[in-house]
Amino acid sequence: MGKQLLFDILEHKKAARPAWVPFAGIHAGKLTGATAIQVLKDEDKLYDALMEVNKLYRPDGQPVLFDLQVEAEILGCELQWSEDTPPTVKTHPYDEARLIPCRCKMPTKESGRLPMILRTMERLKASVGETTALYGLVCGPFTLASHLRGTEIFMDMFDEPEYVSDLIAYCADFIIAEAKLYVEAGMDVIAVVDPLVSQISSDHFEEFLTAPYTKIFEEIRKMGVYSSFFVCGDATRNIECMCKTNPDSISVDENIRIADIRPITEKYNVAVGGNIPLTTVMLHGSQQDNMKYVVELIDSVKDSNHNFIVSPGCDMPYDVPVENTIGAAQAVLEYEKVKELVKNYEATDYSKFDIVIPDYAHLKKPLIEVFTLDSSSCAACTYMMGMANAAKEKYGDKIDVVEYKFTVKENIARVMKMGIKQLPSMLINGELKYSSIIPGLDELSKEIEAKL
Amino acid sequence: MTEVWFVLGYLGSGKTTFVKDFLARHPGRNAVLVNDFGAEDVDGALLKHAAVKVESIFDGSVFCSCRSEKFAEAMIALSEEGYERVIVETSGLSNPFQMRKILAFINGRVREPYRMRGAVCIVDARNAEKVLYALNAVKMQIAAADVILVNKTDLADKASLVRLEGAVRALNADAPLYFTTGARLEDENFAVKERTLPAQIEDITVQKAKAEFQEILSAEELCALGEKLSAFCHRIKGIVRRENGYTVFEFADGKPHWEETDKEGNFLILLAAGKFSLRERAGQVLKESGVAYTLC
């Protein structure tokens with residue numbers, strides 16, 4: 001399971017289930033209270049956040065840093081930073097003149113933010129690398145070329161196509177050099193992320209991108225790791241061209257229906273990943289919406305245990321509620337159970353259940369109620385239940401602890417009746433204390449002692 | 001009920017000019033969402049109208065069409081503030097179909113749903129052919145528009161305006177289309193429709209051909225060739241042999257351009273867009289000129 005399952009998918013073998021790769025880039029920071037700037041610049045904050053992602057979301061694979069501006073920054077672009085989004089490129093060094101950067105700017109271990117990134121990769125590899133495949137993300141050559149040249153690049157495609165080809169060729173060499181550093185630091189998959197690919201026609205793809213991408217994926221293969229080609233937007237017409245460049249997998253966002261492109265990706269035996277909608281489902285949907293979406297996504301993909309990776313459509317927004325990703329993870333990892341749960345949730349009239357709510361005002365001792373998706377399979381639920389059990393061990397008969405698993409119909413009715421929105425959640429004497437975030441024993445003890 | 005206007009168009013097409021003009025003619029409680037990194041700073045000009053609220057959203061990356069959380073967040077917040085109009089000045093690379101989906105989603109979540117008043121697409125007559133050639137987003141913006149303004153017509157020649165009208169109509173057959181110089185929308189009486197991208201927008205076919213010459217061509221011969229080829233080629237450029245070395249030759253804007261080079265060669269690269277055989281047509285021109293050539 002885990003890493004090996006993802007490797008099997010990338011080697012186009014049949015697996016026990018689809019793989020699960022949550023793209024928690026800046027969102028990782030939310031789990032530890034770090035800002036986007038902190039996780040993109042500070043090694044310790046990034047490492048801690050990624051460890052939390054690994055713990056709560058149980059990924060088969062996870063990216064280390066999701067920032068398409070790392071390369072542009074090395075090559076002289078100024079960035080505009082934000083607390084809750086990735087940075088944007090503010091200046092384009094070649095917007096005034098059609099120049100190619102010097103070969104002397106090819107990346108080394110000392111370039112830009114690479115020292116911090118490489119050290120984090122090595123630390124993460126040592127901590128979770130046995131069980132989780134690690135993704136090193138690089139900015140695709142077309143998007144990188146546009147960072148350098150600005151929007152003039154689109155005019156150049158008309159006026160000076162040779163220049164565009166030369167600039168993209170330089171960018172391709174740049175990211176190959178960067179990928180080598182990432183592989184040395186332990187990355188198992190190199191993902192080339194090129195949002196701009198959806199902006200151009202398949203003719204233009206063939207003219208400008210087929211050769212550099214074929215070279216990139218060939219070089220990544222020679223490094224002995226797997227490759228992925230990420231695109232954003234409606235790139236439906238370019239999927240075939242992308243497959244022809246021979247990546248091990250491609251990843252798409254909500255603008256593309258995976259079922260629609262599956263015949264093409266299967267024809268070229270390329271794994272496909274995606275595409276939980278970022279805003280409407282992950283950010284603004286409920287936990288049930290996320291579980292339902294993932295179940296339906298898996299159902300929509302023919303032969304989903306083969307060549308299929310479930311992931312968000314792109315880098316997750318910072319503020320995605322933790323429980324939503326937990327729900328999505330649970331739907332991939334425990335598909336059958338969650339499918340049944342979603343079915344029950346929608347088809348059952350829960351008002352018929354006779355649910356007795358404890359008389360919280362007159363309890364003889366503190367009551368800890370933990371509402372979980374299922375503490376035997378959902379990591380965050382396991383940790384939250386584990387903490388409740390640790391408290392029980394500490395306080396013995398002085399407190400009561402009970403778990404309500406969402407897999408039981410009566411418990412769904414209870415969750416509804418009590419108005420609980422997220423799982424896992426912990427209530428003390430009927431008062432909601434923790435949702436998705438796991439308390440430490442000291443913190444929990446203080447809460448309990450206040451009620452003793 | 002707050003009305004929403006989407007202002008679509010590529011960078012530099014005149015979106016900000018449109019917004020300024022629109023606000024001047026629609027006083028009242030207006031809010032403007034700007035999602036165009038690097039766009040002209042509109043704040044100062046717009047804030048002269050005391051009731052206008054201007055908010056910039058960059059969504060993490062101007063190039064990344066999938067990041068819509070800031071747009072959704074801003075629209076949800078503005079829905080509570082009782083504006084008469086919210087004008088969304090979109091990024092030059094926005095997918096307007098996705099924006100409409102997000103708006104529908106938002107309307108299902110807010111207490112006071114928005115009323116879609118229209119999507120105005122502004123097309124820069126000077127460079128529209130180039131951006132249509134290069135960018136799918138621009139095609140989508142035209143297809144999604146309820147009204148289209150072809151702007152800066154004073155800076156484009158008549159023939160290119162005719163070609164542009166044809167290209168626009170292939171993407172959007174029925175939205176009112178106006179030719180303007182100052183991005184002004186005179187008639188706001190247009191229908192707002194659910195629009196979809198035509199299922200089959202054919203990519204503009206890019207064709208490339210290389211004409212190699214065995215002998216030295218005179219400047220007159222090259223200019224004559226350039227003039228004839230430019231009727232259907234958007235680019236005629238190459239390295240040509242001269243008596244005293246080699247020169248980059250380009251035929252553009254109706255005239256020849258010469259530039260020194262240390263590279264060697266005796267060829268022209270031809271680029272054309274359209275559904276015809278470039279080799280066939282170029283071959284005909286070269287044959288008629290009487291020069292010795294090979295075409296590949």
# chains A, B, ... in the order shown; residues from 1 in each chain; ligands from 1
$ interface_residues --of "chain A" --to "chain B" --cutoff "6 Å" --atoms "only C-alpha atoms" --output "VMD selection string"
chain A and resid 85 to 88 154 195 199 to 201 232 to 233 279
$ select_by_dssp --residues "segment 298-330 of chain A" --states "alpha helix (DSSP H)" --output "PyMOL selection string"
chain A and resi 298-300+322-330
$ write_last_selection --atoms "C-alpha atoms" --output "mmCIF file, in the first residue's frame"
data_model
loop_
_atom_site.group_PDB
_atom_site.id
_atom_site.type_symbol
_atom_site.label_atom_id
_atom_site.label_comp_id
_atom_site.auth_asym_id
_atom_site.auth_seq_id
_atom_site.Cartn_x
_atom_site.Cartn_y
_atom_site.Cartn_z
ATOM 1 C CA ILE A 298 -13.981 6.892 -8.862
ATOM 2 C CA ASP A 299 -17.260 5.467 -10.174
ATOM 3 C CA SER A 300 -16.981 7.579 -13.317
ATOM 4 C CA VAL A 322 -9.047 20.006 7.085
ATOM 5 C CA GLU A 323 -12.058 17.724 7.464
ATOM 6 C CA ASN A 324 -12.839 18.070 3.758
ATOM 7 C CA THR A 325 -9.491 16.592 2.784
ATOM 8 C CA ILE A 326 -9.879 13.944 5.468
ATOM 9 C CA GLY A 327 -13.236 13.053 3.900
ATOM 10 C CA ALA A 328 -11.713 12.915 0.418
ATOM 11 C CA ALA A 329 -8.860 10.731 1.688
ATOM 12 C CA GLN A 330 -11.271 8.393 3.405
#
$ residues_around --residues "segment 139-146 of chain A" --least-positions-apart "2" --cutoff "7 Å" --atoms "only C-alpha atoms" --output "list in words"
Leu68, Glu71, Ala72, Leu137, Leu148, Arg149, Gly150, Thr151, Ile153, Leu167, Ile168, Cys171, Ala172, Val192, Val193, Asp194, Pro195 and Leu196 of chain A
$ residues_around --residues "Thr294 of chain B" --least-positions-apart "4" --cutoff "9 Å" --atoms "only C-alpha atoms" --output "JSON, numbers by chain"
{"B": [210, 211, 212, 213, 214, 283]}
$ residues_around --residues "Asn238 of chain A" --least-positions-apart "2" --cutoff "10 Å" --atoms "only C-alpha atoms" --output "list in words"
Val197, Ser198, Gln199, Ile200, Ser201, Ser202, Asp203, His204, Phe205, Glu206, Val231, Asp234, Ala235, Thr236, Glu240, Cys241, Met242, Cys243 and Lys244 of chain A
$ write_last_selection --atoms "N, CA and C atoms" --output "PDB file, in the first residue's frame"
ATOM      1  N   VAL A 197      -0.160  25.320 -20.737  1.00  0.00           N
ATOM      2  CA  VAL A 197      -0.386  24.374 -21.846  1.00  0.00           C
ATOM      3  C   VAL A 197      -1.841  24.404 -22.317  1.00  0.00           C
ATOM      4  N   SER A 198      -2.762  24.680 -21.370  1.00  0.00           N
ATOM      5  CA  SER A 198      -4.174  24.689 -21.773  1.00  0.00           C
ATOM      6  C   SER A 198      -4.504  25.895 -22.651  1.00  0.00           C
ATOM      7  N   GLN A 199      -3.612  26.865 -22.695  1.00  0.00           N
ATOM      8  CA  GLN A 199      -3.903  28.091 -23.443  1.00  0.00           C
ATOM      9  C   GLN A 199      -3.616  27.967 -24.938  1.00  0.00           C
ATOM     10  N   ILE A 200      -2.893  26.938 -25.322  1.00  0.00           N
ATOM     11  CA  ILE A 200      -2.476  26.905 -26.734  1.00  0.00           C
ATOM     12  C   ILE A 200      -3.112  25.728 -27.475  1.00  0.00           C
ATOM     13  N   SER A 201      -3.106  25.839 -28.771  1.00  0.00           N
ATOM     14  CA  SER A 201      -3.713  24.802 -29.604  1.00  0.00           C
ATOM     15  C   SER A 201      -2.790  23.593 -29.698  1.00  0.00           C
ATOM     16  N   SER A 202      -3.346  22.486 -30.176  1.00  0.00           N
ATOM     17  CA  SER A 202      -2.516  21.283 -30.314  1.00  0.00           C
ATOM     18  C   SER A 202      -1.442  21.484 -31.385  1.00  0.00           C
ATOM     19  N   ASP A 203      -1.739  22.310 -32.397  1.00  0.00           N
ATOM     20  CA  ASP A 203      -0.696  22.604 -33.402  1.00  0.00           C
ATOM     21  C   ASP A 203       0.479  23.318 -32.747  1.00  0.00           C
ATOM     22  N   HIS A 204       0.153  24.300 -31.910  1.00  0.00           N
ATOM     23  CA  HIS A 204       1.225  25.011 -31.218  1.00  0.00           C
ATOM     24  C   HIS A 204       1.964  24.107 -30.244  1.00  0.00           C
ATOM     25  N   PHE A 205       1.212  23.220 -29.612  1.00  0.00           N
ATOM     26  CA  PHE A 205       1.888  22.278 -28.707  1.00  0.00           C
ATOM     27  C   PHE A 205       2.938  21.507 -29.493  1.00  0.00           C
ATOM     28  N   GLU A 206       2.527  20.999 -30.640  1.00  0.00           N
ATOM     29  CA  GLU A 206       3.478  20.199 -31.429  1.00  0.00           C
ATOM     30  C   GLU A 206       4.654  21.044 -31.902  1.00  0.00           C
ATOM     31  N   VAL A 231      -1.288  19.842 -15.790  1.00  0.00           N
ATOM     32  CA  VAL A 231      -1.804  20.975 -16.556  1.00  0.00           C
ATOM     33  C   VAL A 231      -3.041  21.508 -15.860  1.00  0.00           C
ATOM     34  N   ASP A 234      -8.779  23.970 -19.347  1.00  0.00           N
ATOM     35  CA  ASP A 234      -9.345  23.018 -20.300  1.00  0.00           C
ATOM     36  C   ASP A 234      -8.321  22.678 -21.384  1.00  0.00           C
ATOM     37  N   ALA A 235      -7.546  21.660 -21.092  1.00  0.00           N
ATOM     38  CA  ALA A 235      -6.500  21.243 -22.038  1.00  0.00           C
ATOM     39  C   ALA A 235      -6.925  19.997 -22.804  1.00  0.00           C
ATOM     40  N   THR A 236      -8.239  19.779 -22.870  1.00  0.00           N
ATOM     41  CA  THR A 236      -8.738  18.540 -23.473  1.00  0.00           C
ATOM     42  C   THR A 236      -8.089  18.258 -24.828  1.00  0.00           C
ATOM     43  N   GLU A 240      -3.811  14.426 -26.010  1.00  0.00           N
ATOM     44  CA  GLU A 240      -3.133  13.432 -26.851  1.00  0.00           C
ATOM     45  C   GLU A 240      -1.674  13.837 -27.096  1.00  0.00           C
ATOM     46  N   CYS A 241      -1.463  15.129 -27.389  1.00  0.00           N
ATOM     47  CA  CYS A 241      -0.079  15.606 -27.586  1.00  0.00           C
ATOM     48  C   CYS A 241       0.735  15.385 -26.316  1.00  0.00           C
ATOM     49  N   MET A 242       0.114  15.652 -25.162  1.00  0.00           N
ATOM     50  CA  MET A 242       0.822  15.470 -23.887  1.00  0.00           C
ATOM     51  C   MET A 242       1.208  14.003 -23.707  1.00  0.00           C
ATOM     52  N   CYS A 243       0.271  13.108 -23.992  1.00  0.00           N
ATOM     53  CA  CYS A 243       0.559  11.672 -23.843  1.00  0.00           C
ATOM     54  C   CYS A 243       1.702  11.246 -24.763  1.00  0.00           C
ATOM     55  N   LYS A 244       1.734  11.831 -25.952  1.00  0.00           N
ATOM     56  CA  LYS A 244       2.768  11.430 -26.920  1.00  0.00           C
ATOM     57  C   LYS A 244       4.182  11.795 -26.460  1.00  0.00           C
TER      58      LYS A 244
END
$ atom_distance --atom1 "atom CA of Arg184 of chain B" --atom2 "atom CA of Pro96 of chain B"
20.8 Å
$ residues_around --residues "segment 126-130 of chain A" --least-positions-apart "4" --cutoff "9 Å" --atoms "only C-alpha atoms" --output "ChimeraX atom specification"
/A:3,51,54,121-122,134,186-188
$ write_last_selection --atoms "C-alpha atoms" --output "short mmCIF file (atom, residue, chain, number, x, y, z; two decimals), in the first residue's frame"
data_model
loop_
_atom_site.label_atom_id
_atom_site.label_comp_id
_atom_site.auth_asym_id
_atom_site.auth_seq_id
_atom_site.Cartn_x
_atom_site.Cartn_y
_atom_site.Cartn_z
CA LYS A 3 4.18 4.32 -1.87
CA MET A 51 4.70 15.88 8.34
CA ASN A 54 1.42 12.94 5.97
CA MET A 121 13.32 16.94 0.70
CA GLU A 122 16.13 15.03 2.40
CA LEU A 134 7.64 12.14 -2.68
CA GLY A 186 15.32 11.60 -2.77
CA MET A 187 12.34 12.51 -4.93
CA ASP A 188 10.48 9.54 -6.40
#
$ atom_distance --atom1 "atom CA of Lys30 of chain A" --atom2 "atom CA of Leu6 of chain A"
25.6 Å
$ closest_residue --among "B:Leu197, B:Ile269, B:Ala125, B:Ala191" --to "Ser160 of chain B" --atoms "only C-alpha atoms"
B:Ala125
$ closest_residue --among "A:Ile239, A:Asp319, A:Thr210, A:Ala185" --to "Ala36 of chain A" --atoms "only C-alpha atoms"
A:Asp319
$ residues_around --residues "Glu431 of chain A" --least-positions-apart "6" --cutoff "12 Å" --atoms "only C-alpha atoms" --output "ChimeraX atom specification"
/A:358,360-361,366-370,418-420,425,447-448,451
$ write_last_selection --atoms "N, CA and C atoms" --output "compact mmCIF listing (two decimals), in the first residue's frame"
# COMPACT_ATOMS: atom_id res chain seq x y z
N PRO A 358 -27.57 13.00 25.55
CA PRO A 358 -27.32 12.99 27.00
C PRO A 358 -27.78 14.30 27.66
N TYR A 360 -26.63 16.85 29.29
CA TYR A 360 -25.29 17.38 29.55
C TYR A 360 -25.23 18.23 30.84
N ALA A 361 -26.33 18.85 31.18
CA ALA A 361 -26.32 19.73 32.36
C ALA A 361 -26.22 18.94 33.66
N PRO A 366 -17.30 14.14 33.63
CA PRO A 366 -17.10 14.66 32.26
C PRO A 366 -17.29 13.57 31.21
N LEU A 367 -17.97 13.96 30.14
CA LEU A 367 -18.22 13.02 29.04
C LEU A 367 -17.50 13.52 27.79
N ILE A 368 -16.58 12.68 27.29
CA ILE A 368 -15.90 13.01 26.03
C ILE A 368 -16.54 12.18 24.92
N GLU A 369 -17.10 12.87 23.95
CA GLU A 369 -17.70 12.17 22.80
C GLU A 369 -16.87 12.47 21.56
N VAL A 370 -16.43 11.40 20.90
CA VAL A 370 -15.61 11.58 19.69
C VAL A 370 -16.43 11.07 18.51
N MET A 418 -27.27 16.57 16.38
CA MET A 418 -26.41 17.45 17.20
C MET A 418 -25.79 18.58 16.38
N GLY A 419 -26.03 18.56 15.07
CA GLY A 419 -25.55 19.66 14.21
C GLY A 419 -24.04 19.67 14.04
N ILE A 420 -23.43 18.49 14.07
CA ILE A 420 -21.96 18.43 13.89
C ILE A 420 -21.64 18.46 12.40
N SER A 425 -14.65 15.10 15.23
CA SER A 425 -14.89 16.19 16.16
C SER A 425 -14.93 15.62 17.58
N GLU A 447 -8.86 21.00 29.69
CA GLU A 447 -10.30 21.08 29.40
C GLU A 447 -11.07 20.15 30.34
N ILE A 448 -10.52 18.94 30.51
CA ILE A 448 -11.22 17.95 31.35
C ILE A 448 -11.24 18.41 32.80
N LYS A 451 -13.77 20.60 34.09
CA LYS A 451 -15.13 20.04 34.23
C LYS A 451 -15.23 19.06 35.41
$ atom_distance --atom1 "atom CA of Cys296 of chain B" --atom2 "atom CA of Asn266 of chain B"
13.6 Å
$ select_by_dssp --residues "segment 10-147 of chain A" --states "strand (DSSP E)" --output "PyMOL selection string"
chain A and resi 19-20+61-63+79-80+88-89+133-139
$ write_last_selection --atoms "N, CA and C atoms" --output "PDB file, in the first residue's frame"
ATOM      1  N   ALA A  19      -4.678   5.445  -6.553  1.00  0.00           N
ATOM      2  CA  ALA A  19      -3.718   6.083  -5.644  1.00  0.00           C
ATOM      3  C   ALA A  19      -4.293   7.414  -5.145  1.00  0.00           C
ATOM      4  N   TRP A  20      -3.708   7.906  -4.063  1.00  0.00           N
ATOM      5  CA  TRP A  20      -4.210   9.157  -3.428  1.00  0.00           C
ATOM      6  C   TRP A  20      -3.035  10.105  -3.209  1.00  0.00           C
ATOM      7  N   GLY A  61       1.297   9.498  -2.080  1.00  0.00           N
ATOM      8  CA  GLY A  61       2.365  10.370  -2.557  1.00  0.00           C
ATOM      9  C   GLY A  61       2.042  11.794  -2.152  1.00  0.00           C
ATOM     10  N   GLN A  62       3.067  12.626  -1.944  1.00  0.00           N
ATOM     11  CA  GLN A  62       2.792  14.022  -1.586  1.00  0.00           C
ATOM     12  C   GLN A  62       3.877  14.926  -2.150  1.00  0.00           C
ATOM     13  N   PRO A  63       3.481  16.115  -2.590  1.00  0.00           N
ATOM     14  CA  PRO A  63       4.490  17.061  -3.068  1.00  0.00           C
ATOM     15  C   PRO A  63       5.226  17.702  -1.898  1.00  0.00           C
ATOM     16  N   LEU A  79       9.259  38.528  -7.153  1.00  0.00           N
ATOM     17  CA  LEU A  79       7.991  37.899  -6.781  1.00  0.00           C
ATOM     18  C   LEU A  79       7.186  38.798  -5.852  1.00  0.00           C
ATOM     19  N   GLN A  80       5.876  38.647  -5.957  1.00  0.00           N
ATOM     20  CA  GLN A  80       4.993  39.312  -4.997  1.00  0.00           C
ATOM     21  C   GLN A  80       4.445  38.231  -4.069  1.00  0.00           C
ATOM     22  N   THR A  88       3.306  35.477  -6.841  1.00  0.00           N
ATOM     23  CA  THR A  88       3.146  35.694  -8.277  1.00  0.00           C
ATOM     24  C   THR A  88       4.402  36.385  -8.804  1.00  0.00           C
ATOM     25  N   VAL A  89       4.622  36.214 -10.093  1.00  0.00           N
ATOM     26  CA  VAL A  89       5.776  36.861 -10.711  1.00  0.00           C
ATOM     27  C   VAL A  89       5.414  38.308 -11.013  1.00  0.00           C
ATOM     28  N   ALA A 133       5.536   8.124  -1.377  1.00  0.00           N
ATOM     29  CA  ALA A 133       6.308   8.598  -2.535  1.00  0.00           C
ATOM     30  C   ALA A 133       6.352  10.123  -2.486  1.00  0.00           C
ATOM     31  N   LEU A 134       7.502  10.682  -2.754  1.00  0.00           N
ATOM     32  CA  LEU A 134       7.643  12.142  -2.683  1.00  0.00           C
ATOM     33  C   LEU A 134       7.745  12.740  -4.080  1.00  0.00           C
ATOM     34  N   TYR A 135       6.984  13.820  -4.269  1.00  0.00           N
ATOM     35  CA  TYR A 135       6.941  14.505  -5.559  1.00  0.00           C
ATOM     36  C   TYR A 135       7.816  15.763  -5.499  1.00  0.00           C
ATOM     37  N   GLY A 136       8.732  15.879  -6.438  1.00  0.00           N
ATOM     38  CA  GLY A 136       9.457  17.130  -6.638  1.00  0.00           C
ATOM     39  C   GLY A 136       8.810  17.863  -7.798  1.00  0.00           C
ATOM     40  N   LEU A 137       8.314  19.075  -7.545  1.00  0.00           N
ATOM     41  CA  LEU A 137       7.603  19.806  -8.597  1.00  0.00           C
ATOM     42  C   LEU A 137       8.505  20.835  -9.257  1.00  0.00           C
ATOM     43  N   VAL A 138       8.457  20.873 -10.572  1.00  0.00           N
ATOM     44  CA  VAL A 138       9.201  21.904 -11.301  1.00  0.00           C
ATOM     45  C   VAL A 138       8.227  22.650 -12.213  1.00  0.00           C
ATOM     46  N   CYS A 139       8.526  23.898 -12.453  1.00  0.00           N
ATOM     47  CA  CYS A 139       7.675  24.698 -13.335  1.00  0.00           C
ATOM     48  C   CYS A 139       7.909  24.259 -14.779  1.00  0.00           C
TER      49      CYS A 139
END
